[in-house]
Amino acid sequence: VACQRPGATEGTRREGSEQTGTEQREQTETASVPQTDPTHFYEEVQEDLLIDAEVKGTASGAKPKVYLGEMKVFTKEEIDDFLAWNGDAVSEVTQDGLQGNEMVYAGTCRSGSTFGQGSSEEGLYPSIFSYVNQEHYEQYNAYPIYSTQLMYEENGEHLITYLFTEPEDLSFATAQEAETEVREALATLHLGELYLNRTLYVSHERMAQAGEELQSEKWTHEVKGRTVQYPQRDDWAEEDDCYMFEFFCGVDGMPLSYQNWKRETTTYCGNDIQVWYDANGILSLQVDYPWVADEAIEEPDQVISAEEALLVVQNKIGNVITDQNQELQSLTLRYLYRQDGDAWLLIPVWEAVIHQASKDPNSWVPESCTYVTVDAITGKEIVS
């Protein structure tokens with residue numbers, strides 16, 4: 001997805017938003033805040049609306065601010081430093097310059113891995129960077145292990161992520177040792193603060209288990225009259241063990257948003273950093289739309305609480321007649337990049353993830369997720 005800047009400015013970030021939590025609270029008596037553990041809200045609001053949400057706020061002592069945002073594009077020197085950390089180097093540059101409306105720098109490495117970066121010619125959106133040993137990585141990619149947090153929420157039933165979530169120290173390094181090494185590698189790219197979102201423990205035993213499970217009818221489908229199955233191997237070995245780490249860029253101990261926002265004149269693209277790491281180092285790195293914080297331009301006295309944000313969310317989804325059952329699954333304080341005239345800002349927001357499933361068990365409509373984003377300073381839902 002190419003992120004393009006609007007042809008006309010959006011105005012300030014506080015325009016074009018809906019009512020605040022206070023305004024909505026005064027106008028409706030239907031919403032209530034469940035009084036439970038501050039890290040988990042639970043309430044059966046109505047027959048088709050359940051709140052069962054993990055709540056994540058600021059890191060201890062952190063105070064959210066508004067920052068000027070810097071779109072991160074890696075220099076050739078940074079890419080060289082990353083490759084050197086991984087015991088690799090550029091062997092051949094296959095692209096270096098303008099391709100369409102995108103600046104592209106790509107090539108092959110001494111290890112046989114490939115690398116590539118694409119960024120906006122006019123600096124309209126952050127870069128995408130990849131480094132991968134395709135031959136090695138393909139053995140994992142052949143199975144539907146994981147994609148991104150966004151895809152996991154929207155299509156989790158089509159993934160076997162659950163087989164790899166139980167913590168396990170693998171043969172070549174503990175998970176903590178591997179994460180430390182990966183963070184050192186990413187530091188060469190000057191990505192700033194990193195927020196760990198997920199670790200997967202991809203042992204050879206679990207890969208063998210996945211291969212067996214993927215032979216079942218659930219994972220078998222027909223394509224043009226032909227039965228299609230996932231491959232199964234019987235030679236997984238200890239040297240195939242690896243970890244998968246997913247990070248988001250972070251500010252003040254809070255992650256950036258991973259949402260994709262589609263609008264008439266622009267598409268906002270979610271941040272994601274995914275690393276596959278084994279005994280030989282990094283076998284795959286994918287960095288999507290990274291941002292780093294520049295100077296702070298606003299330091300609000302306070303941000304709205306999770307309870308206040310929940311009121312906005314609940315009034316948004318609870319007052320709509322729907323043929324779907326809805327479950328609010330998480331409420332997280334994040335940073336979101338927004339255009340403000342010619343500048344880009346990183347602003348603190350509360351993001352709610354709502355899972356939706358049809359009330360009709362025979363419905364063809366697939367399960368999905370929707371999102372509500374609340375400006376943590378103004379208390380207004382962000383809708384544009």
# chains A, B, ... in the order shown; residues from 1 in each chain; ligands from 1
>>> closest_atom_pairs(of="stretch 249-367 of chain A", to="stretch 184-193 of chain A", cutoff="7 Å", atoms="only C-alpha atoms", output="JSON lines")
{"residue": "A:Cys249", "atom": "CA", "partner": "A:Glu193", "partner_atom": "CA", "distance": 6.1}
{"residue": "A:Gly250", "atom": "CA", "partner": "A:Glu193", "partner_atom": "CA", "distance": 4.9}
{"residue": "A:Val251", "atom": "CA", "partner": "A:Glu193", "partner_atom": "CA", "distance": 6.2}
{"residue": "A:Val292", "atom": "CA", "partner": "A:Gly192", "partner_atom": "CA", "distance": 6.2}
>>> select_by_dssp(residues="stretch 176-318 of chain A", states="strand (DSSP E)", output="PyMOL selection string")
chain A and resi 194-202+221-223+226-228+242-251+254-255+261-262+267-268+272-278+281-288+291-298
>>> residues_around(residues="A:Val90", least_positions_apart="6", cutoff="8 Å", atoms="only C-alpha atoms", output="list in words")
Asp80, Leu83, Gly107, Thr108, Cys109 and Arg110 of chain A
>>> write_last_selection(atoms="all heavy atoms", output="PDB file, in the first residue's frame")
ATOM      1  N   ASP A  80      24.309  -0.607   5.320  1.00  0.00           N
ATOM      2  CA  ASP A  80      25.599  -1.306   5.368  1.00  0.00           C
ATOM      3  C   ASP A  80      25.937  -1.733   6.795  1.00  0.00           C
ATOM      4  O   ASP A  80      26.445  -2.844   7.021  1.00  0.00           O
ATOM      5  CB  ASP A  80      26.713  -0.411   4.822  1.00  0.00           C
ATOM      6  CG  ASP A  80      26.681  -0.286   3.310  1.00  0.00           C
ATOM      7  OD1 ASP A  80      26.026  -1.124   2.658  1.00  0.00           O
ATOM      8  OD2 ASP A  80      27.311   0.655   2.784  1.00  0.00           O
ATOM      9  N   LEU A  83      23.830  -4.749   7.770  1.00  0.00           N
ATOM     10  CA  LEU A  83      24.324  -5.960   7.124  1.00  0.00           C
ATOM     11  C   LEU A  83      25.618  -6.436   7.785  1.00  0.00           C
ATOM     12  O   LEU A  83      25.803  -7.641   8.004  1.00  0.00           O
ATOM     13  CB  LEU A  83      24.557  -5.704   5.635  1.00  0.00           C
ATOM     14  CG  LEU A  83      23.313  -5.383   4.799  1.00  0.00           C
ATOM     15  CD1 LEU A  83      23.713  -5.058   3.363  1.00  0.00           C
ATOM     16  CD2 LEU A  83      22.317  -6.535   4.831  1.00  0.00           C
ATOM     17  N   GLY A 107      19.267  -4.857  -3.770  1.00  0.00           N
ATOM     18  CA  GLY A 107      20.340  -5.674  -4.319  1.00  0.00           C
ATOM     19  C   GLY A 107      20.452  -7.011  -3.624  1.00  0.00           C
ATOM     20  O   GLY A 107      19.556  -7.441  -2.888  1.00  0.00           O
ATOM     21  N   THR A 108      21.569  -7.691  -3.872  1.00  0.00           N
ATOM     22  CA  THR A 108      21.847  -8.988  -3.258  1.00  0.00           C
ATOM     23  C   THR A 108      23.052  -8.862  -2.336  1.00  0.00           C
ATOM     24  O   THR A 108      23.870  -7.939  -2.453  1.00  0.00           O
ATOM     25  CB  THR A 108      22.129 -10.050  -4.333  1.00  0.00           C
ATOM     26  OG1 THR A 108      23.234  -9.609  -5.152  1.00  0.00           O
ATOM     27  CG2 THR A 108      20.916 -10.257  -5.221  1.00  0.00           C
ATOM     28  N   CYS A 109      23.165  -9.836  -1.433  1.00  0.00           N
ATOM     29  CA  CYS A 109      24.232  -9.827  -0.436  1.00  0.00           C
ATOM     30  C   CYS A 109      25.143 -11.034  -0.617  1.00  0.00           C
ATOM     31  O   CYS A 109      24.808 -11.994  -1.318  1.00  0.00           O
ATOM     32  CB  CYS A 109      23.635  -9.835   0.973  1.00  0.00           C
ATOM     33  SG  CYS A 109      22.560  -8.431   1.311  1.00  0.00           S
ATOM     34  N   ARG A 110      26.284 -10.980   0.054  1.00  0.00           N
ATOM     35  CA  ARG A 110      27.246 -12.076  -0.057  1.00  0.00           C
ATOM     36  C   ARG A 110      26.656 -13.395   0.420  1.00  0.00           C
ATOM     37  O   ARG A 110      27.025 -14.466  -0.056  1.00  0.00           O
ATOM     38  CB  ARG A 110      28.499 -11.742   0.764  1.00  0.00           C
ATOM     39  CG  ARG A 110      29.336 -10.633   0.162  1.00  0.00           C
ATOM     40  CD  ARG A 110      30.654 -10.483   0.875  1.00  0.00           C
ATOM     41  NE  ARG A 110      30.530 -10.482   2.336  1.00  0.00           N
ATOM     42  CZ  ARG A 110      31.358  -9.817   3.145  1.00  0.00           C
ATOM     43  NH1 ARG A 110      32.348  -9.091   2.629  1.00  0.00           N
ATOM     44  NH2 ARG A 110      31.207  -9.864   4.441  1.00  0.00           N
TER      45      ARG A 110
END
>>> residues_around(residues="stretch 139-143 of chain A", least_positions_apart="6", cutoff="8 Å", atoms="only C-alpha atoms", output="PDB file with N, CA and C atoms, in the first residue's frame")
ATOM      1  N   ALA A 210       2.995 -28.545  13.601  1.00  0.00           N
ATOM      2  CA  ALA A 210       2.211 -27.713  12.685  1.00  0.00           C
ATOM      3  C   ALA A 210       1.984 -28.440  11.362  1.00  0.00           C
ATOM      4  N   GLY A 211       3.028 -29.099  10.855  1.00  0.00           N
ATOM      5  CA  GLY A 211       2.892 -29.832   9.604  1.00  0.00           C
ATOM      6  C   GLY A 211       1.835 -30.898   9.677  1.00  0.00           C
ATOM      7  N   TYR A 230      -1.140 -27.957   2.660  1.00  0.00           N
ATOM      8  CA  TYR A 230       0.161 -27.435   3.046  1.00  0.00           C
ATOM      9  C   TYR A 230       1.188 -28.559   3.014  1.00  0.00           C
ATOM     10  N   PRO A 231       2.440 -28.257   2.727  1.00  0.00           N
ATOM     11  CA  PRO A 231       3.476 -29.303   2.698  1.00  0.00           C
ATOM     12  C   PRO A 231       3.749 -29.837   4.102  1.00  0.00           C
TER      13      PRO A 231
END
>>> closest_residue(among="A:Asp240, A:Glu78, A:Asp360, A:Glu121", to="A:Gly97", atoms="only C-alpha atoms")
A:Glu121
>>> closest_atom_pairs(of="stretch 158-244 of chain A", to="stretch 266-281 of chain A", cutoff="6 Å", atoms="only C-alpha atoms", output="CSV")
residue,atom,partner,partner_atom,distance
A:Phe172,CA,A:Ala279,CA,5.6
A:Cys242,CA,A:Asp278,CA,4.3
A:Tyr243,CA,A:Tyr277,CA,5.3
A:Met244,CA,A:Trp276,CA,4.5
>>> select_by_dssp(residues="stretch 129-306 of chain A", states="helix (DSSP H, G or I)", output="PyMOL selection string")
chain A and resi 134-141+149-158+161-164+175-187+204-213+217-219+238-240+306
>>> atom_distance(atom1="atom CA of A:Ser130", atom2="atom CA of A:Trp350")
29.7 Å
>>> atom_distance(atom1="atom CA of A:Val223", atom2="atom CA of A:Asn362")
22.6 Å
>>> residues_around(residues="A:Leu310", least_positions_apart="3", cutoff="8 Å", atoms="only C-alpha atoms", output="ChimeraX atom specification")
/A:33,306-307,313-314,331
>>> write_last_selection(atoms="C-alpha atoms", output="PDB file, in the first residue's frame")
ATOM      1  CA  VAL A  33     -17.731   1.997  32.841  1.00  0.00           C
ATOM      2  CA  ALA A 306      -8.974   4.550  29.953  1.00  0.00           C
ATOM      3  CA  GLU A 307     -12.401   4.796  31.571  1.00  0.00           C
ATOM      4  CA  VAL A 313     -15.968   3.801  22.397  1.00  0.00           C
ATOM      5  CA  GLN A 314     -19.036   2.348  24.065  1.00  0.00           C
ATOM      6  CA  LEU A 331      -7.903  -0.635  24.743  1.00  0.00           C
TER       7      LEU A 331
END
>>> atom_distance(atom1="atom CA of A:Gly87", atom2="atom CA of A:Thr161")
29.8 Å
>>> closest_residue(among="A:Thr220, A:Ser120, A:Gln339, A:Ser171", to="A:Ser203", atoms="only C-alpha atoms")
A:Ser171
>>> closest_atom_pairs(of="stretch 98-153 of chain A", to="stretch 368-371 of chain A", cutoff="10 Å", atoms="only C-alpha atoms", output="Markdown table")
| residue | atom | partner | partner_atom | distance |
| --- | --- | --- | --- | --- |
| A:Leu150 | CA | A:Cys369 | CA | 9.0 |
| A:Met151 | CA | A:Cys369 | CA | 9.7 |
| A:Glu153 | CA | A:Cys369 | CA | 6.6 |
>>> closest_residue(among="A:Asp294, A:Asp342, A:Asp323, A:Glu168", to="A:Lys72", atoms="only C-alpha atoms")
A:Asp294
>>> residues_around(residues="A:Gln117", least_positions_apart="4", cutoff="6 Å", atoms="only C-alpha atoms", output="list of chain:residue names")
A:Val104, A:Tyr105, A:Ile128, A:Phe129
